[in-house]
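Structure file model-v2.txt (compact mmCIF, N, CA and C atoms and all ligand atoms) is printed below.
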# COMPACT_ATOMS: atom_id res chain seq x y z
N MET A 1 -9.46 11.02 15.98
CA MET A 1 -9.29 9.83 16.81
C MET A 1 -7.83 9.66 17.16
N ASP A 2 -7.02 9.39 16.16
CA ASP A 2 -5.63 9.04 16.37
C ASP A 2 -4.77 10.07 15.67
N PHE A 3 -4.01 10.81 16.45
CA PHE A 3 -3.18 11.86 15.88
C PHE A 3 -2.26 11.33 14.79
N HIS A 4 -1.67 10.15 15.02
CA HIS A 4 -0.72 9.59 14.06
C HIS A 4 -1.40 9.23 12.74
N LEU A 5 -2.59 8.69 12.84
CA LEU A 5 -3.35 8.33 11.66
C LEU A 5 -3.70 9.59 10.86
N ASP A 6 -4.07 10.64 11.56
CA ASP A 6 -4.39 11.91 10.90
C ASP A 6 -3.19 12.45 10.14
N SER A 7 -2.04 12.45 10.79
CA SER A 7 -0.87 13.03 10.13
C SER A 7 -0.36 12.11 9.02
N LEU A 8 -0.56 10.81 9.18
CA LEU A 8 -0.21 9.86 8.13
C LEU A 8 -1.06 10.12 6.88
N LEU A 9 -2.32 10.35 7.11
CA LEU A 9 -3.26 10.57 6.00
C LEU A 9 -2.96 11.88 5.28
N ASN A 10 -2.56 12.88 6.06
CA ASN A 10 -2.06 14.14 5.49
C ASN A 10 -3.07 14.84 4.56
N LEU A 11 -4.29 14.96 5.01
CA LEU A 11 -5.30 15.72 4.28
C LEU A 11 -5.73 16.89 5.16
N PRO A 12 -5.86 18.10 4.56
CA PRO A 12 -6.15 19.28 5.37
C PRO A 12 -7.53 19.23 6.03
N ASN A 13 -7.60 19.68 7.27
CA ASN A 13 -8.86 19.78 8.02
C ASN A 13 -9.60 18.46 8.19
N VAL A 14 -8.85 17.35 8.15
CA VAL A 14 -9.49 16.05 8.21
C VAL A 14 -8.99 15.27 9.42
N THR A 15 -9.91 14.61 10.12
CA THR A 15 -9.53 13.73 11.21
C THR A 15 -10.19 12.36 10.98
N VAL A 16 -9.51 11.30 11.43
CA VAL A 16 -10.03 9.95 11.25
C VAL A 16 -10.85 9.57 12.47
N LEU A 17 -12.13 9.26 12.25
CA LEU A 17 -13.01 8.89 13.36
C LEU A 17 -12.85 7.42 13.73
N SER A 18 -12.79 6.57 12.70
CA SER A 18 -12.65 5.14 12.97
C SER A 18 -12.00 4.45 11.78
N CYS A 19 -11.54 3.25 12.05
CA CYS A 19 -10.80 2.49 11.06
C CYS A 19 -11.28 1.05 11.10
N GLN A 20 -11.73 0.54 9.95
CA GLN A 20 -12.22 -0.84 9.90
C GLN A 20 -11.47 -1.60 8.82
N GLN A 21 -11.13 -2.85 9.11
CA GLN A 21 -10.51 -3.69 8.10
C GLN A 21 -11.49 -4.77 7.68
N GLN A 22 -11.60 -4.93 6.36
CA GLN A 22 -12.60 -5.84 5.83
C GLN A 22 -12.09 -6.42 4.52
N GLU A 23 -11.92 -7.71 4.48
CA GLU A 23 -11.52 -8.41 3.27
C GLU A 23 -10.34 -7.75 2.56
N GLY A 24 -9.29 -7.50 3.33
CA GLY A 24 -8.08 -6.94 2.74
C GLY A 24 -8.17 -5.48 2.36
N LEU A 25 -9.23 -4.82 2.80
CA LEU A 25 -9.37 -3.40 2.53
C LEU A 25 -9.46 -2.64 3.85
N ILE A 26 -9.06 -1.38 3.81
CA ILE A 26 -9.14 -0.53 5.00
C ILE A 26 -10.15 0.58 4.74
N PHE A 27 -11.08 0.73 5.66
CA PHE A 27 -12.09 1.79 5.55
C PHE A 27 -11.84 2.81 6.66
N LEU A 28 -11.57 4.04 6.28
CA LEU A 28 -11.34 5.09 7.26
C LEU A 28 -12.51 6.07 7.22
N SER A 29 -13.20 6.19 8.35
CA SER A 29 -14.29 7.17 8.43
C SER A 29 -13.72 8.52 8.82
N LEU A 30 -14.00 9.51 8.02
CA LEU A 30 -13.41 10.83 8.24
C LEU A 30 -14.42 11.82 8.80
N ASP A 31 -13.87 12.83 9.44
CA ASP A 31 -14.68 13.97 9.85
C ASP A 31 -13.88 15.23 9.53
N PHE A 32 -14.57 16.34 9.36
CA PHE A 32 -13.88 17.59 9.08
C PHE A 32 -13.72 18.42 10.35
N LEU A 33 -12.61 19.13 10.41
CA LEU A 33 -12.34 19.97 11.58
C LEU A 33 -12.90 21.38 11.40
N ASN A 34 -13.10 21.77 10.14
CA ASN A 34 -13.66 23.11 9.90
C ASN A 34 -15.18 23.07 10.00
N GLU A 35 -15.74 24.09 10.63
CA GLU A 35 -17.19 24.15 10.82
C GLU A 35 -17.90 24.58 9.54
N GLY A 36 -17.27 25.47 8.81
CA GLY A 36 -17.93 26.03 7.63
C GLY A 36 -16.98 26.12 6.44
N ILE A 37 -17.47 26.75 5.39
CA ILE A 37 -16.69 26.89 4.16
C ILE A 37 -16.82 28.30 3.61
N LEU A 38 -15.99 28.62 2.63
CA LEU A 38 -16.17 29.84 1.87
C LEU A 38 -16.99 29.50 0.63
N CYS A 39 -18.11 30.17 0.46
CA CYS A 39 -18.94 29.92 -0.72
C CYS A 39 -18.13 30.29 -1.96
N PRO A 40 -18.07 29.38 -2.96
CA PRO A 40 -17.26 29.65 -4.15
C PRO A 40 -17.71 30.89 -4.92
N ASN A 41 -18.96 31.30 -4.74
CA ASN A 41 -19.47 32.44 -5.51
C ASN A 41 -18.82 33.76 -5.13
N TRP A 42 -18.86 34.07 -3.83
CA TRP A 42 -18.34 35.38 -3.41
C TRP A 42 -17.30 35.26 -2.32
N GLN A 43 -16.88 34.04 -2.04
CA GLN A 43 -15.89 33.81 -0.98
C GLN A 43 -16.38 34.32 0.37
N THR A 44 -17.69 34.21 0.59
CA THR A 44 -18.22 34.58 1.90
C THR A 44 -18.38 33.32 2.74
N TYR A 45 -18.14 33.46 4.03
CA TYR A 45 -18.14 32.32 4.94
C TYR A 45 -19.56 31.90 5.31
N THR A 46 -19.79 30.59 5.31
CA THR A 46 -21.04 30.07 5.84
C THR A 46 -20.79 28.77 6.61
N ASP A 47 -21.46 28.64 7.76
CA ASP A 47 -21.40 27.36 8.48
C ASP A 47 -22.82 26.83 8.67
N ASN A 48 -23.68 27.28 7.78
CA ASN A 48 -25.08 26.87 7.82
C ASN A 48 -25.24 25.58 7.01
N LEU A 49 -25.19 24.44 7.73
CA LEU A 49 -25.19 23.13 7.08
C LEU A 49 -26.58 22.77 6.56
N HIS A 50 -26.64 22.37 5.29
CA HIS A 50 -27.90 21.96 4.69
C HIS A 50 -28.08 20.45 4.82
N GLN A 51 -27.11 19.68 4.29
CA GLN A 51 -27.18 18.23 4.43
C GLN A 51 -25.80 17.61 4.27
N THR A 52 -25.67 16.38 4.78
CA THR A 52 -24.41 15.65 4.67
C THR A 52 -24.69 14.30 4.03
N ARG A 53 -23.93 14.00 2.99
CA ARG A 53 -24.12 12.75 2.27
C ARG A 53 -22.77 12.03 2.24
N PRO A 54 -22.69 10.84 2.87
CA PRO A 54 -21.39 10.17 2.90
C PRO A 54 -21.06 9.53 1.55
N ILE A 55 -19.83 9.68 1.10
CA ILE A 55 -19.40 9.00 -0.12
C ILE A 55 -18.13 8.21 0.17
N LEU A 56 -17.89 7.18 -0.65
CA LEU A 56 -16.68 6.37 -0.52
C LEU A 56 -15.68 6.83 -1.56
N VAL A 57 -14.49 7.15 -1.10
CA VAL A 57 -13.45 7.66 -1.99
C VAL A 57 -12.21 6.79 -1.87
N ARG A 58 -11.75 6.29 -2.99
CA ARG A 58 -10.56 5.44 -2.97
C ARG A 58 -9.32 6.31 -2.79
N ASP A 59 -8.40 5.84 -1.93
CA ASP A 59 -7.14 6.55 -1.72
C ASP A 59 -5.98 5.57 -1.86
N LEU A 60 -4.78 6.08 -1.74
CA LEU A 60 -3.57 5.25 -1.86
C LEU A 60 -3.57 4.14 -0.82
N SER A 61 -3.04 2.98 -1.20
CA SER A 61 -2.97 1.84 -0.29
C SER A 61 -2.04 2.09 0.89
N ILE A 62 -2.36 1.46 2.01
CA ILE A 62 -1.48 1.49 3.17
C ILE A 62 -1.04 0.05 3.45
N VAL A 63 0.23 -0.16 3.61
CA VAL A 63 0.84 -1.49 3.79
C VAL A 63 0.14 -2.57 2.94
N GLY A 64 0.05 -2.28 1.66
CA GLY A 64 -0.46 -3.26 0.71
C GLY A 64 -1.96 -3.49 0.74
N GLN A 65 -2.67 -2.72 1.55
CA GLN A 65 -4.12 -2.87 1.60
C GLN A 65 -4.82 -1.65 1.01
N GLY A 66 -5.78 -1.93 0.16
CA GLY A 66 -6.53 -0.84 -0.47
C GLY A 66 -7.26 0.00 0.56
N VAL A 67 -7.32 1.29 0.33
CA VAL A 67 -7.93 2.20 1.30
C VAL A 67 -9.14 2.92 0.71
N TYR A 68 -10.23 2.88 1.44
CA TYR A 68 -11.40 3.67 1.11
C TYR A 68 -11.66 4.67 2.22
N LEU A 69 -11.89 5.91 1.83
CA LEU A 69 -12.22 6.95 2.80
C LEU A 69 -13.73 7.16 2.78
N LYS A 70 -14.33 7.12 3.97
CA LYS A 70 -15.74 7.48 4.07
C LYS A 70 -15.79 8.97 4.34
N VAL A 71 -16.14 9.73 3.31
CA VAL A 71 -16.09 11.19 3.39
C VAL A 71 -17.50 11.75 3.55
N PRO A 72 -17.74 12.49 4.63
CA PRO A 72 -19.05 13.13 4.76
C PRO A 72 -19.11 14.35 3.85
N ARG A 73 -19.73 14.19 2.70
CA ARG A 73 -19.82 15.30 1.73
C ARG A 73 -20.85 16.29 2.24
N ARG A 74 -20.43 17.50 2.49
CA ARG A 74 -21.32 18.48 3.13
C ARG A 74 -21.79 19.55 2.16
N GLN A 75 -23.07 19.84 2.26
CA GLN A 75 -23.66 20.90 1.46
C GLN A 75 -24.15 21.99 2.41
N PHE A 76 -23.79 23.20 2.12
CA PHE A 76 -24.15 24.31 2.99
C PHE A 76 -25.19 25.20 2.33
N ILE A 77 -25.76 26.07 3.12
CA ILE A 77 -26.63 27.11 2.57
C ILE A 77 -25.86 28.42 2.69
N CYS A 78 -25.75 29.12 1.59
CA CYS A 78 -25.06 30.41 1.64
C CYS A 78 -26.09 31.52 1.76
N PRO A 79 -26.11 32.23 2.91
CA PRO A 79 -27.11 33.28 3.10
C PRO A 79 -26.86 34.46 2.17
N HIS A 80 -25.64 34.56 1.66
CA HIS A 80 -25.28 35.70 0.81
C HIS A 80 -25.90 35.57 -0.59
N CYS A 81 -25.71 34.41 -1.22
CA CYS A 81 -26.20 34.25 -2.60
C CYS A 81 -27.41 33.31 -2.68
N GLY A 82 -27.77 32.66 -1.55
CA GLY A 82 -28.95 31.81 -1.54
C GLY A 82 -28.74 30.45 -2.19
N LYS A 83 -27.49 30.13 -2.57
CA LYS A 83 -27.22 28.85 -3.21
C LYS A 83 -26.83 27.79 -2.18
N TYR A 84 -26.66 26.56 -2.66
CA TYR A 84 -26.33 25.43 -1.80
C TYR A 84 -24.97 24.86 -2.19
N PRO A 85 -23.89 25.54 -1.85
CA PRO A 85 -22.59 25.06 -2.29
C PRO A 85 -22.17 23.78 -1.56
N THR A 86 -21.64 22.83 -2.33
CA THR A 86 -21.02 21.65 -1.74
C THR A 86 -19.60 22.02 -1.34
N GLU A 87 -19.17 21.50 -0.22
CA GLU A 87 -17.84 21.84 0.30
C GLU A 87 -16.74 21.57 -0.74
N PRO A 88 -15.99 22.61 -1.11
CA PRO A 88 -14.90 22.37 -2.06
C PRO A 88 -13.73 21.70 -1.32
N LEU A 89 -13.22 20.61 -1.90
CA LEU A 89 -12.09 19.92 -1.29
C LEU A 89 -10.93 19.93 -2.28
N GLU A 90 -9.76 20.40 -1.81
CA GLU A 90 -8.64 20.52 -2.75
C GLU A 90 -8.04 19.16 -3.11
N TRP A 91 -8.39 18.12 -2.37
CA TRP A 91 -7.76 16.81 -2.59
C TRP A 91 -8.67 15.83 -3.35
N ILE A 92 -9.83 16.29 -3.75
CA ILE A 92 -10.69 15.46 -4.58
C ILE A 92 -11.44 16.36 -5.56
N GLU A 93 -11.50 15.94 -6.82
CA GLU A 93 -12.21 16.74 -7.81
C GLU A 93 -13.71 16.50 -7.69
N PRO A 94 -14.49 17.50 -8.09
CA PRO A 94 -15.94 17.36 -7.98
C PRO A 94 -16.46 16.09 -8.67
N ARG A 95 -17.34 15.40 -8.02
CA ARG A 95 -18.01 14.20 -8.54
C ARG A 95 -17.06 13.04 -8.83
N ARG A 96 -15.88 13.04 -8.23
CA ARG A 96 -14.98 11.91 -8.40
C ARG A 96 -15.00 11.05 -7.14
N ASN A 97 -14.68 9.76 -7.31
CA ASN A 97 -14.63 8.84 -6.17
C ASN A 97 -13.22 8.35 -5.89
N TYR A 98 -12.28 9.17 -6.28
CA TYR A 98 -10.87 8.89 -6.01
C TYR A 98 -10.23 10.18 -5.53
N THR A 99 -9.22 10.06 -4.66
CA THR A 99 -8.47 11.27 -4.32
C THR A 99 -7.60 11.64 -5.52
N LYS A 100 -7.22 12.91 -5.59
CA LYS A 100 -6.37 13.37 -6.69
C LYS A 100 -5.07 12.59 -6.71
N ARG A 101 -4.49 12.35 -5.52
CA ARG A 101 -3.20 11.67 -5.47
C ARG A 101 -3.34 10.22 -5.93
N TYR A 102 -4.52 9.62 -5.74
CA TYR A 102 -4.74 8.26 -6.20
C TYR A 102 -4.85 8.23 -7.73
N GLU A 103 -5.56 9.19 -8.30
CA GLU A 103 -5.69 9.24 -9.76
C GLU A 103 -4.31 9.46 -10.41
N GLU A 104 -3.52 10.30 -9.76
CA GLU A 104 -2.15 10.55 -10.23
C GLU A 104 -1.33 9.25 -10.19
N TYR A 105 -1.47 8.51 -9.11
CA TYR A 105 -0.75 7.26 -8.91
C TYR A 105 -1.14 6.22 -9.97
N ILE A 106 -2.44 6.09 -10.23
CA ILE A 106 -2.92 5.13 -11.23
C ILE A 106 -2.38 5.50 -12.61
N TYR A 107 -2.38 6.79 -12.91
CA TYR A 107 -1.85 7.26 -14.19
C TYR A 107 -0.40 6.81 -14.38
N GLU A 108 0.42 7.03 -13.35
CA GLU A 108 1.83 6.65 -13.42
C GLU A 108 1.99 5.13 -13.54
N LYS A 109 1.16 4.38 -12.82
CA LYS A 109 1.23 2.91 -12.84
C LYS A 109 0.91 2.36 -14.22
N VAL A 110 -0.12 2.94 -14.86
CA VAL A 110 -0.52 2.46 -16.19
C VAL A 110 0.61 2.72 -17.20
N LYS A 111 1.34 3.82 -17.00
CA LYS A 111 2.47 4.10 -17.89
C LYS A 111 3.55 3.03 -17.77
N GLU A 112 3.72 2.47 -16.55
CA GLU A 112 4.72 1.43 -16.31
C GLU A 112 4.24 0.05 -16.72
N LEU A 113 2.98 -0.23 -16.39
CA LEU A 113 2.41 -1.57 -16.59
C LEU A 113 1.33 -1.51 -17.67
N THR A 114 0.35 -2.38 -17.57
CA THR A 114 -0.80 -2.30 -18.48
C THR A 114 -2.06 -2.04 -17.66
N VAL A 115 -3.11 -1.66 -18.35
CA VAL A 115 -4.40 -1.42 -17.68
C VAL A 115 -4.84 -2.68 -16.93
N GLU A 116 -4.68 -3.84 -17.56
CA GLU A 116 -5.10 -5.11 -16.94
C GLU A 116 -4.31 -5.39 -15.66
N GLN A 117 -3.01 -5.18 -15.72
CA GLN A 117 -2.18 -5.44 -14.54
C GLN A 117 -2.56 -4.51 -13.39
N VAL A 118 -2.72 -3.23 -13.70
CA VAL A 118 -3.07 -2.25 -12.65
C VAL A 118 -4.45 -2.59 -12.07
N SER A 119 -5.35 -3.00 -12.93
CA SER A 119 -6.69 -3.37 -12.47
C SER A 119 -6.63 -4.52 -11.47
N LYS A 120 -5.80 -5.51 -11.74
CA LYS A 120 -5.65 -6.64 -10.82
C LYS A 120 -5.03 -6.21 -9.49
N ILE A 121 -3.94 -5.46 -9.58
CA ILE A 121 -3.22 -5.04 -8.36
C ILE A 121 -4.11 -4.19 -7.47
N GLU A 122 -4.85 -3.28 -8.10
CA GLU A 122 -5.63 -2.30 -7.32
C GLU A 122 -7.06 -2.75 -7.06
N GLN A 123 -7.43 -3.91 -7.54
CA GLN A 123 -8.81 -4.40 -7.40
C GLN A 123 -9.83 -3.39 -7.92
N LEU A 124 -9.52 -2.83 -9.08
CA LEU A 124 -10.46 -1.96 -9.78
C LEU A 124 -10.81 -2.65 -11.09
N SER A 125 -11.91 -2.27 -11.69
CA SER A 125 -12.23 -2.85 -13.00
C SER A 125 -11.34 -2.19 -14.05
N PRO A 126 -11.06 -2.90 -15.16
CA PRO A 126 -10.25 -2.29 -16.22
C PRO A 126 -10.87 -0.97 -16.71
N GLU A 127 -12.20 -0.89 -16.70
CA GLU A 127 -12.87 0.34 -17.13
C GLU A 127 -12.53 1.50 -16.21
N GLN A 128 -12.53 1.21 -14.91
CA GLN A 128 -12.20 2.27 -13.94
C GLN A 128 -10.77 2.77 -14.14
N VAL A 129 -9.85 1.82 -14.34
CA VAL A 129 -8.44 2.19 -14.54
C VAL A 129 -8.29 3.01 -15.81
N GLN A 130 -8.93 2.55 -16.87
CA GLN A 130 -8.85 3.25 -18.16
C GLN A 130 -9.43 4.65 -18.04
N ASN A 131 -10.55 4.76 -17.33
CA ASN A 131 -11.21 6.04 -17.13
C ASN A 131 -10.29 7.04 -16.41
N ILE A 132 -9.65 6.57 -15.35
CA ILE A 132 -8.72 7.43 -14.60
C ILE A 132 -7.56 7.85 -15.50
N PHE A 133 -7.01 6.87 -16.22
CA PHE A 133 -5.84 7.15 -17.05
C PHE A 133 -6.17 8.17 -18.15
N SER A 134 -7.28 7.94 -18.86
CA SER A 134 -7.64 8.84 -19.97
C SER A 134 -7.89 10.25 -19.46
N ARG A 135 -8.55 10.32 -18.30
CA ARG A 135 -8.87 11.61 -17.73
C ARG A 135 -7.60 12.38 -17.35
N GLN A 136 -6.66 11.68 -16.72
CA GLN A 136 -5.40 12.30 -16.32
C GLN A 136 -4.62 12.74 -17.56
N ALA A 137 -4.60 11.85 -18.56
CA ALA A 137 -3.84 12.14 -19.78
C ALA A 137 -4.40 13.39 -20.46
N ARG A 138 -5.74 13.49 -20.46
CA ARG A 138 -6.39 14.65 -21.07
C ARG A 138 -6.04 15.93 -20.30
N LYS A 139 -6.08 15.81 -18.97
CA LYS A 139 -5.76 16.96 -18.12
C LYS A 139 -4.33 17.44 -18.35
N LYS A 140 -3.42 16.48 -18.46
CA LYS A 140 -2.01 16.83 -18.63
C LYS A 140 -1.78 17.50 -19.97
N LYS A 141 -2.55 17.06 -20.97
CA LYS A 141 -2.45 17.66 -22.29
C LYS A 141 -2.92 19.11 -22.23
N GLU A 142 -4.01 19.32 -21.50
CA GLU A 142 -4.58 20.67 -21.39
C GLU A 142 -3.67 21.63 -20.64
N THR A 143 -3.04 21.12 -19.56
CA THR A 143 -2.23 22.01 -18.73
C THR A 143 -0.78 22.05 -19.17
N GLY A 144 -0.39 21.15 -20.08
CA GLY A 144 1.00 21.10 -20.51
C GLY A 144 1.78 20.13 -19.67
N GLN A 145 2.49 19.20 -20.30
CA GLN A 145 3.16 18.10 -19.61
C GLN A 145 4.05 18.52 -18.44
N CYS A 146 4.83 19.58 -18.62
CA CYS A 146 5.87 19.89 -17.65
C CYS A 146 5.35 20.74 -16.49
N GLN A 147 4.17 21.34 -16.69
CA GLN A 147 3.70 22.23 -15.64
C GLN A 147 3.05 21.46 -14.51
N LYS A 148 3.24 21.98 -13.33
CA LYS A 148 2.51 21.42 -12.18
C LYS A 148 1.25 22.24 -12.00
N GLU A 149 0.22 21.58 -11.45
CA GLU A 149 -1.04 22.31 -11.27
C GLU A 149 -0.89 23.40 -10.24
ZN ZN B 201 -22.77 32.22 -1.81
Let me see whether you can do it: turn the structure in this file into structure tokens.
Amino acid sequence: MDFHLDSLLNLPNVTVLSCQQQEGLIFLSLDFLNEGILCPNWQTYTDNLHQTRPILVRDLSIVGQGVYLKVPRRQFICPHCGKYPTEPLEWIEPRRNYTKRYEEYIYEKVKELTVEQVSKIEQLSPEQVQNIFSRQARKKKETGQCQKE
């Protein structure tokens, strides 16, 4: 839709179809520019779409307003292995409803503030904040504090 919005969002192969503001939140409907994917099994290309299921993914706030991305989660059929791979996205982990950069941001915020404070600022439940924090902390322990992914 809007070139500036796309580059502001800075996610690969993603374009913003529409933007809605609702109760202090921003909803961005996304579309993908790539027709197909590489099947994770054998890295063979498929653009044979099986189904699309939209999910809501929380992202970093823009000008003080919380942002939700409406992401069309796409599942393909791989003619090579016969499986139904879901599109791998480097900016969101499988089965998560937050972008990686948002989870990283929440982790850093909790280190500065408290879970309760971050929950209020971000309009998330304390459980959600705690869940993100614990998960990030565990990941950092596994990969080593100083290393980047
Ligand atoms: Zn395959």
* To do: Would you work out the distance separating atom N of A:Gly82 from atom CA of A:Thr52, expressed in Å to one decimal?
  => 18.4 Å
* Tell me which protein, DNA and RNA residues are within 6 Å of A:Leu17, counting all atoms listed in the file, leaving out same-chain ones fewer than 5 positions away, and put them as an NGL selection string. => :A and (1 or 28-31)
Which chains and residue numbers are within 6.5 Å of ligand ZN 201 (chain B), counting all atoms listed in the file, if I want them as a tab-separated table (two decimals) with N, CA and C atoms, in the frame of the given file?
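Here's the written file part.tsv:
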chain	number	residue	atom	x	y	z
A	39	CYS	N	-18.11	30.17	0.46
A	39	CYS	CA	-18.94	29.92	-0.72
A	39	CYS	C	-18.13	30.29	-1.96
A	40	PRO	N	-18.07	29.38	-2.96
A	40	PRO	CA	-17.26	29.65	-4.15
A	40	PRO	C	-17.71	30.89	-4.92
A	41	ASN	N	-18.96	31.30	-4.74
A	41	ASN	CA	-19.47	32.44	-5.51
A	41	ASN	C	-18.82	33.76	-5.13
A	42	TRP	N	-18.86	34.07	-3.83
A	42	TRP	CA	-18.34	35.38	-3.41
A	42	TRP	C	-17.30	35.26	-2.32
A	43	GLN	N	-16.88	34.04	-2.04
A	43	GLN	CA	-15.89	33.81	-0.98
A	43	GLN	C	-16.38	34.32	0.37
A	44	THR	N	-17.69	34.21	0.59
A	44	THR	CA	-18.22	34.58	1.90
A	44	THR	C	-18.38	33.32	2.74
A	78	CYS	N	-25.75	29.12	1.59
A	78	CYS	CA	-25.06	30.41	1.64
A	78	CYS	C	-26.09	31.52	1.76
A	79	PRO	N	-26.11	32.23	2.91
A	79	PRO	CA	-27.11	33.28	3.10
A	79	PRO	C	-26.86	34.46	2.17
A	80	HIS	N	-25.64	34.56	1.66
A	80	HIS	CA	-25.28	35.70	0.81
A	80	HIS	C	-25.90	35.57	-0.59
A	81	CYS	N	-25.71	34.41	-1.22
A	81	CYS	CA	-26.20	34.25	-2.60
A	81	CYS	C	-27.41	33.31	-2.68
A	82	GLY	N	-27.77	32.66	-1.55
A	82	GLY	CA	-28.95	31.81	-1.54
A	82	GLY	C	-28.74	30.45	-2.19
A	83	LYS	N	-27.49	30.13	-2.57
A	83	LYS	CA	-27.22	28.85	-3.21
A	83	LYS	C	-26.83	27.79	-2.18
* Find the residues around A:Gln136 up to 7 Å (only N, CA and C atoms counted), leave out those fewer than 4 positions away in its own chain, and share them as a list in words. => Glu103, Tyr107, Asn131, Ile132, Lys140 and Lys141 of chain A
* To do: Using atom N of A:Gln20 and atom N of A:Leu60 as the two end points, give the distance in Å to one decimal.
  =>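 Atom N of A:Leu60 lies at a distance of 14.7 Å from atom N of A:Gln20.
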* Can you tell me how far atom CA of A:Asp59 sits from atom CA of A:Arg101, in Å to one decimal? ->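 So the answer is 7.5 Å.
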* Write down as a ChimeraX atom specification the residues belonging to stretch 1-148 of chain A that are assigned helix (DSSP H, G or I) by DSSP computed on the backbone. => /A:3-9,100-112,115-122,126-143
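Closest approach to A:Arg73 among A:Arg58, A:Lys120, A:Lys111, A:Arg53 is made by A:Arg53 (distances from only C-alpha atoms).
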* Which is closest to A:Tyr68 among A:Val115, A:Ile26, A:Thr46, A:Asn97, if we use all atoms listed in the file? -> A:Ile26
* Pick from A:Phe133, A:Val71, A:Thr15, A:Asp6 nearest to A:Ile106, counting only N, CA and C atoms ->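 Closest residue, counting only N, CA and C atoms: A:Phe133.
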* Asked: Can you list every residue in stretch 5-137 of chain A that DSSP puts in strand (DSSP E), as a ChimeraX atom specification?
  -> /A:14-22,25-32,37-38,45-46,49-62,65-76
* Compare A:Gln51, A:Thr143, A:Gln65, A:Ser7 by their minimum atom-to-atom distance to A:Gln21, counting only C-alpha atoms, and give me the closest one. =>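 The answer is A:Gln65, which sits nearest to A:Gln21.
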Draw an axis-aligned box tight on the listed atoms of stretch 111-115 of chain A, then pad every side by 8 Å and write out centre and edge lengths in Å to one decimal as JSON.
{"center_x": -0.1, "center_y": 0.7, "center_z": -17.4, "size_x": 25.6, "size_y": 22.8, "size_z": 18.2}
* To do: Could you check which of A:Ile37, A:Leu56, A:Val110, A:Val63 is closest to A:Phe76, using all atoms listed in the file?
  =>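 Of the candidates, the smallest distance to A:Phe76 is held by A:Ile37.
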* With only C-alpha atoms as the basis for distance, which of A:Val14, A:Arg74, A:Val129, A:Pro85 is at the shortest distance from A:Tyr105? ->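 The answer is A:Val129, which sits nearest to A:Tyr105.
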